[in-house]
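First up is the structure itself, then whatever we jot down about it.
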Amino acid sequence: MSINVSGLVDWQRGHIDRRIFWDPAIYEQELERVFARSWLFVAHESQIEEPGAFVTTYMAQDNVIVARASDRSIKVFLNSCPHRGNRVCFADSGQGRQFTCNYHGWAFGLDGALKRMPKMALYKATPGFRMEDWGLKRARVESYKGLVFATFDEEAPSLGDWLGDFRWYLDAVLDVEEGGTEFLPGGATRSVMNCNWKFPADNFVGDIYHALWTHLGGSEPTLGRHGGVIVENERSWQVSVNGHGWEFNDSFLGNAATMGDREMLRYMKSRQEAITARLGEFRAKMWGSVASANIFPNFSFLPGYFTFRTFQPKGPTKTEIHAWTLVPKNMPDDIKDRFRRGSMRTFSPSGLLEMDDGENWEHSTAANAGFVTRNQRLCYAMAPEGELDDDSLPGTVTLGQLSDANQRLFYKKWAEMMNAETWQDIPLEKPAAPAEAAE
Amino acid sequence: MSGAAASAKPDYSTYPTLDRKARRAAAAALLAMEGGGAPASAADLARIEAFYRMEARLLDEEFYDRWYDLLADDLFYWMPLRENRFRRDNRPSLSADNMAMFDETKADIAVRLGRLASNLVWTEDPPTRHVYLISNVEAFETGTTGEYEVHSAFVQYRNRSEHDEAQLVGRRRDLLRMVGDRIEVAGRLILFPQSVLLTKNLSAFF
């Protein structure tokens with residue numbers, strides 16, 4: 001029996017029942033109806049450039065292998081042997097020709113197909129046994145400008161329909177330079193937080209408001225007393241498409257400035273004209289501005305720092321953060337290294353800014369142990385300055401980055417997916433991206 | 001780093017730092033430390049151990065200004081990420097060009113201390129309580145007079161609020177420099193065994 005969450009999420013008024021942040025039954029339903037249906041980020045193409053290269057990661061709590069097959073296509077499959085269920089790959093990344101289970105030695109190819117096992121003749125003589133029935137379960141795989149997504153849901157729409165017009169905005173970080181992007185080397189920073197996964201996701205989808213208070217101390221050393229970060233509702237926006245959201249201003253390098261590296265800022269300014277020519281003035285200014293974004297449900301990034309992260313659910317009150325840094329491939333090596341250090345020193349478990357966040361999300365979660373506490377609703381009511389109802393920008397566009405608009409739309413999508421029996425009940429916005437979108 | 005200094009923003013660009021080439025060289029030197037040199041004299045080892053006891057106490061008791069003064073101007077302070085890789089994997093397991101948890105010069109440490117001194121860091125107020133244990137100290141001479149390669153292990157217990165605790169356990173490789181009657185930390189490689197940090201942050205020094 002599924003839980004109808006309509007009474008828990010009043011997205012129009014912005015009243016959210018705290019039950020969605022602690023209830024194990026809600027969490028189980030999320031695994032089925034949100035995560036197992038969504039296109040989930042699994043890798044950047046640059047992590048697995050050559051045939052045989054692989055990374056392991058999670059799609060919600062399902063461990064998967066993301067591998068570059070011999071034909072250079074990218075395959076994603078469950079990291080669990082269909083024989084007794086053991087993991088078949090224990091490395092985070094590497095290079096190989098096959099994945100061999102430690103338990104009985106069943107071996108699988110780069111496409112997940114079962115290739116051989118010890119004493120194979122015994123299976124050959126087993127009536128009805130067919131090798132092709134016992135491969136590692138494969139997911140659907142699609143990419144958008146270097147970012148690889150996967151889903152195990154055969155009914156899900158295409159990645160293009162899922163991202164919709166959010167792609168037009170994504171180009172402001174994924175398509176700023178010729179040659180595409182890459183993740184900086186060395187794997188992901190990974191850390192555990194005792195919080196519900198939705199607190200960090202809703203923070204990134206539309207909460208710049210917290211930065212004014214949470215990050216005062218973190219931004220003080222580089223930007224001076226009270227941070228120096230300018231967050232106003234003048235010349236700033238929130239945009240939302242299918243529950244994905246981005247809040248931003250037009251400062252071009254407002255986020256980047258908090259890393260306190262003048263050489264990096266000088267370089268970014270030197271690229272502004274070319275990026276403007278490529279993306280147009282509006283999107284060019286989004287590149288490093290004061291901003292945050294989340295691709296529904298749990299894949300977030302910060303323009304300017306270019307930290308990309310997944311908030312991997314590990315239970316109703318536990319989340320693992322996996323973070324990488326994305327840069328244009330043709331960025332000079334020295335500037336890439338400045339972004340490596342800059343993003344790590346701000347947004348990693350030792351980061352000057354990220355260190356401020358975890359405690360908030362943990363205690364927002366832990367407080368719900370109290371029966372009376374958990375029956376208080378949370379306030380996501382802050383109104384935007386207004387709506388932009390002409391067609392100049394795609395998606396649902398609200399004026400002013402200081403509001404709860406994107407977060408309400410995130411929970412609207414969440415509730416739609418939680419309540420839906422099938423994909424027929426999940427509305428997606430029809431793409432209508434303006435013609436100037438970069439190819 | 002006193003509270004009074006917080007009203008004026010220090011110009012961190014004037015603080016001691018290292019360029020990329022120097023950081024890479026420092027990382028290579030730390031990675032090459034395998035305890036191959038002559039063991040330090042008993043007297044020098046005793047001085048080094050006493051130094052570590054003092055350093056641990058300064059950090060436990062938040063005497064950050066005094067701790068900062070123990071750092072050499074050419075400090076390279078590094079906690080690389082640990083990845084799970086097969087033994088057959090021929091990539092170098094640690095590289096100065098990879099993502100790291102700490103990848104710091106002395107100026108970078110100063111920024112971190114500036115954050116703490118701002119009195120605006122709510123997650124350290126009320127303060128976290130730390131107990132820092134250093135053990136397994138081995139010191140070796142290097143090719144440079146007065147510089148020592150020192151290996152040690154640490155346990156850093158921390159506790160804040162009510163049930164919030166973590167035990168951060170690891171190894172360190174230090175390049176220590178004896179300057180007159182002082183000891184300075186010139187290089188520190190922190191080898192932290194967790195590939196997934198099993199706590200929410202590394203709001204601590206090692």
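Note on naming: chains are A, B, ... as they come in the structure tokens, residues start from 1 per chain, ligands start from 1 in the order shown.
DSSP annotation of range 65-112 of chain A from backbone atoms: strand (DSSP E or B) residues are A:Ile65, A:Val66, A:Ala67, A:Arg68, A:Ile74, A:Lys75, A:Val76, A:Phe77, A:Leu78, A:Ser93, A:Gly94, A:Gln95, A:Gln98, A:Phe99, A:Thr100, A:Ala107, A:Phe108, A:Gly109.
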At most 6 Å to chain A: residues in chain B, only C-alpha atoms, as a ChimeraX atom specification: /B:9,84-86,98-99,101,111,114-115,118,120-121,123,196-202
Mind writing the picked residues with C-alpha atoms as a short mmCIF file (atom, residue, chain, number, x, y, z; two decimals), in the first residue's frame?
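Saved as selection_34.cif:
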```
data_model
loop_
_atom_site.label_atom_id
_atom_site.label_comp_id
_atom_site.auth_asym_id
_atom_site.auth_seq_id
_atom_site.Cartn_x
_atom_site.Cartn_y
_atom_site.Cartn_z
CA LYS B 9 40.59 41.97 6.55
CA ASN B 84 39.83 1.87 -3.43
CA ARG B 85 41.87 0.49 -6.30
CA PHE B 86 42.92 -2.97 -7.35
CA ASN B 98 44.61 14.92 -7.59
CA MET B 99 41.73 16.11 -5.46
CA MET B 101 41.02 16.91 1.57
CA VAL B 111 42.67 31.72 6.04
CA GLY B 114 40.79 33.59 10.10
CA ARG B 115 37.52 31.73 9.66
CA SER B 118 35.77 35.53 12.96
CA LEU B 120 30.87 33.85 13.04
CA VAL B 121 31.33 30.10 12.69
CA THR B 123 29.23 25.14 13.92
CA VAL B 196 34.56 7.66 2.51
CA LEU B 197 34.92 10.11 5.36
CA LEU B 198 32.65 8.55 7.97
CA THR B 199 31.87 11.86 9.60
CA LYS B 200 30.41 15.07 8.29
CA ASN B 201 33.52 17.21 8.06
CA LEU B 202 37.20 17.68 8.83
#
```
Please indicate the distance in Å from CA of Tyr64 in chain B to CA of Arg47 in chain B, rounded to one decimal place.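 Here the two named atoms are 21.2 Å from each other.
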What are the nearest atom pairs, with distances in Å to one decimal, for all residues of range 61-176 of chain B that come at most 9 Å from range 16-38 of chain B, using only C-alpha atoms, set out by chain and rising residue number as CSV?
```
residue,atom,partner,partner_atom,distance
B:Ala72,CA,B:Pro16,CA,8.9
B:Asp73,CA,B:Pro16,CA,5.4
B:Asp74,CA,B:Leu18,CA,6.6
B:Leu75,CA,B:Thr17,CA,7.8
B:Phe76,CA,B:Ala26,CA,6.4
B:Tyr77,CA,B:Ala27,CA,8.9
B:Trp78,CA,B:Ala27,CA,7.8
B:Leu94,CA,B:Leu31,CA,8.1
B:Ser95,CA,B:Ala27,CA,7.8
B:Ala96,CA,B:Arg24,CA,5.7
B:Asp97,CA,B:Arg24,CA,7.9
B:Asp103,CA,B:Arg23,CA,8.7
B:Glu104,CA,B:Thr17,CA,8.6
B:Thr105,CA,B:Thr17,CA,5.2
B:Lys106,CA,B:Pro16,CA,5.8
B:Ala107,CA,B:Pro16,CA,5.4
B:Asp108,CA,B:Thr17,CA,7.8
B:Glu138,CA,B:Gly35,CA,8.2
B:Ala139,CA,B:Gly35,CA,7.9
B:Phe140,CA,B:Gly37,CA,5.3
B:Glu141,CA,B:Ala38,CA,5.4
B:Thr142,CA,B:Gly37,CA,6.1
B:Gly143,CA,B:Gly37,CA,8.4
B:Glu149,CA,B:Met33,CA,7.0
B:Val150,CA,B:Gly35,CA,8.1
B:His151,CA,B:Gly35,CA,7.9
B:Arg173,CA,B:Leu30,CA,6.8
B:Asp174,CA,B:Leu30,CA,7.4
B:Leu175,CA,B:Leu30,CA,7.6
```
So what do you get for CA of Ala277 in chain A versus CA of Phe339 in chain A, distance-wise?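 That distance, rounded to one decimal, is 23.4 Å.
With only C-alpha atoms as the atoms that count, the minimum distance from Phe347 in chain A to the choices B:Tyr15, B:Tyr68, B:Phe63, B:Phe102 is reached by B:Phe102.
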Atomic distance CA of Gly164 in chain A - CA of Val239 in chain A, expressed in Å with one decimal: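 These atoms are spaced 12.5 Å apart.
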Between A:Ala125, A:Ile426, A:Leu136, A:Gln29, single out the one closest to Pro82 in chain A, counting only C-alpha atoms. A:Leu136
Tell me which of A:Trp423, A:Trp287, A:Phe21, A:Phe129 sits closest to Ala156 in chain A, counting only C-alpha atoms.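 Counting only C-alpha atoms, the residue closest to Ala156 in chain A is A:Trp423.
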Close residues, range 48-52 of chain A itself excluded, 12 Å, only C-alpha atoms, min 3 positions apart in chain, as a PyMOL selection string: chain A and resi 42-45+55-56+65-76+92-99+109-112+146-148+182-183+185+187
Would you output that residue set with N, CA and C atoms, as a compact mmCIF listing (two decimals), in the first residue's frame?
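Writing the result to selection08.txt gives the following:
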```
# COMPACT_ATOMS: atom_id res chain seq x y z
N VAL A 42 25.54 9.34 -13.05
CA VAL A 42 26.44 8.26 -12.65
C VAL A 42 27.93 8.57 -12.90
N ALA A 43 28.24 9.39 -13.88
CA ALA A 43 29.66 9.66 -14.15
C ALA A 43 29.79 10.80 -15.15
N HIS A 44 30.98 11.35 -15.23
CA HIS A 44 31.34 12.25 -16.34
C HIS A 44 32.12 11.40 -17.34
N GLU A 45 31.86 11.63 -18.61
CA GLU A 45 32.53 10.83 -19.64
C GLU A 45 34.05 10.84 -19.48
N VAL A 55 34.17 3.15 -13.43
CA VAL A 55 34.02 3.65 -12.07
C VAL A 55 32.85 2.89 -11.45
N THR A 56 32.84 2.79 -10.15
CA THR A 56 31.65 2.28 -9.47
C THR A 56 31.01 3.43 -8.72
N ILE A 65 28.20 -0.33 -11.75
CA ILE A 65 29.45 -0.16 -12.47
C ILE A 65 29.15 0.65 -13.72
N VAL A 66 29.97 1.67 -13.97
CA VAL A 66 29.85 2.47 -15.19
C VAL A 66 31.12 2.20 -15.98
N ALA A 67 30.98 1.57 -17.15
CA ALA A 67 32.17 1.11 -17.88
C ALA A 67 32.13 1.57 -19.32
N ARG A 68 33.32 1.80 -19.88
CA ARG A 68 33.44 2.10 -21.31
C ARG A 68 33.71 0.77 -22.01
N ALA A 69 32.75 0.36 -22.83
CA ALA A 69 32.86 -0.93 -23.51
C ALA A 69 33.83 -0.84 -24.68
N SER A 70 34.14 -2.00 -25.29
CA SER A 70 35.11 -2.04 -26.39
C SER A 70 34.66 -1.18 -27.57
N ASP A 71 33.36 -1.06 -27.78
CA ASP A 71 32.86 -0.22 -28.89
C ASP A 71 32.74 1.25 -28.47
N ARG A 72 33.32 1.61 -27.33
CA ARG A 72 33.36 2.97 -26.77
C ARG A 72 32.02 3.43 -26.21
N SER A 73 31.00 2.60 -26.29
CA SER A 73 29.75 3.00 -25.67
C SER A 73 29.89 2.87 -24.14
N ILE A 74 29.02 3.59 -23.43
CA ILE A 74 29.08 3.55 -21.96
C ILE A 74 27.97 2.65 -21.46
N LYS A 75 28.33 1.69 -20.63
CA LYS A 75 27.36 0.75 -20.07
C LYS A 75 27.28 0.95 -18.56
N VAL A 76 26.07 0.79 -18.06
CA VAL A 76 25.84 0.90 -16.62
C VAL A 76 25.09 -0.34 -16.19
N ASP A 92 36.95 1.63 -6.73
CA ASP A 92 36.18 2.83 -7.06
C ASP A 92 36.36 3.20 -8.53
N SER A 93 37.53 2.87 -9.07
CA SER A 93 37.80 3.17 -10.47
C SER A 93 38.92 2.25 -10.93
N GLY A 94 39.12 2.17 -12.23
CA GLY A 94 40.20 1.32 -12.72
C GLY A 94 40.03 1.03 -14.19
N GLN A 95 40.76 0.02 -14.61
CA GLN A 95 40.81 -0.35 -16.02
C GLN A 95 40.85 -1.87 -16.08
N GLY A 96 40.05 -2.49 -16.94
CA GLY A 96 40.09 -3.94 -17.01
C GLY A 96 39.30 -4.45 -18.19
N ARG A 97 39.28 -5.77 -18.33
CA ARG A 97 38.54 -6.37 -19.44
C ARG A 97 37.28 -7.07 -18.95
N GLN A 98 37.27 -7.41 -17.65
CA GLN A 98 36.09 -8.10 -17.13
C GLN A 98 36.01 -7.89 -15.62
N PHE A 99 34.84 -8.23 -15.09
CA PHE A 99 34.61 -8.13 -13.65
C PHE A 99 34.33 -9.54 -13.14
N GLY A 109 31.58 -9.32 -18.74
CA GLY A 109 32.28 -8.42 -19.66
C GLY A 109 32.01 -6.96 -19.35
N LEU A 110 32.61 -6.07 -20.14
CA LEU A 110 32.45 -4.63 -19.95
C LEU A 110 31.03 -4.17 -20.26
N ASP A 111 30.25 -5.05 -20.87
CA ASP A 111 28.83 -4.74 -21.11
C ASP A 111 27.93 -5.41 -20.07
N GLY A 112 28.54 -6.06 -19.09
CA GLY A 112 27.77 -6.70 -18.03
C GLY A 112 27.34 -8.12 -18.33
N GLY A 146 28.60 15.51 -21.75
CA GLY A 146 29.63 14.98 -20.87
C GLY A 146 29.11 14.32 -19.62
N LEU A 147 27.91 14.70 -19.19
CA LEU A 147 27.35 14.11 -17.97
C LEU A 147 26.55 12.86 -18.34
N VAL A 148 26.88 11.75 -17.71
CA VAL A 148 26.23 10.48 -18.02
C VAL A 148 25.16 10.19 -16.96
N GLU A 182 35.52 18.40 -18.27
CA GLU A 182 36.05 17.19 -17.64
C GLU A 182 35.96 17.32 -16.13
N PHE A 183 36.00 16.17 -15.46
CA PHE A 183 36.16 16.18 -14.01
C PHE A 183 37.66 16.18 -13.72
N PRO A 185 41.09 15.15 -11.86
CA PRO A 185 41.43 13.76 -11.51
C PRO A 185 41.49 13.50 -10.01
N GLY A 187 39.28 11.19 -8.31
CA GLY A 187 38.09 10.63 -7.69
C GLY A 187 37.29 11.67 -6.95
```
Per-residue DSSP, range 109-208 of chain A, filtered to helix (DSSP H, G or I), as a ChimeraX atom specification: /A:120-124,131-133,159-163,166-174,198-206
For range 180-184 of chain B, find every residue with an atom within 8 Å (counting only C-alpha atoms), except residues of its own chain fewer than 6 positions away, and show them as an MDAnalysis selection string. chainID B and resid 48 51 70:72
Give me, as an MDAnalysis selection string, all polymer residues having an atom no more than 12 Å from Ala56 in chain B, counting only C-alpha atoms and skipping those fewer than 4 positions away in the same chain. chainID B and resid 49:52 60:64 66:67 70 130:135 154:157 204:206
Need the shell around Ala107 in chain A: protein/DNA/RNA residues with any atom at most 9 Å away, counting only C-alpha atoms. Skip same-chain ones fewer than 2 positions apart. Format as an MDAnalysis selection string? chainID A and resid 88 98:101 105 109 113:117
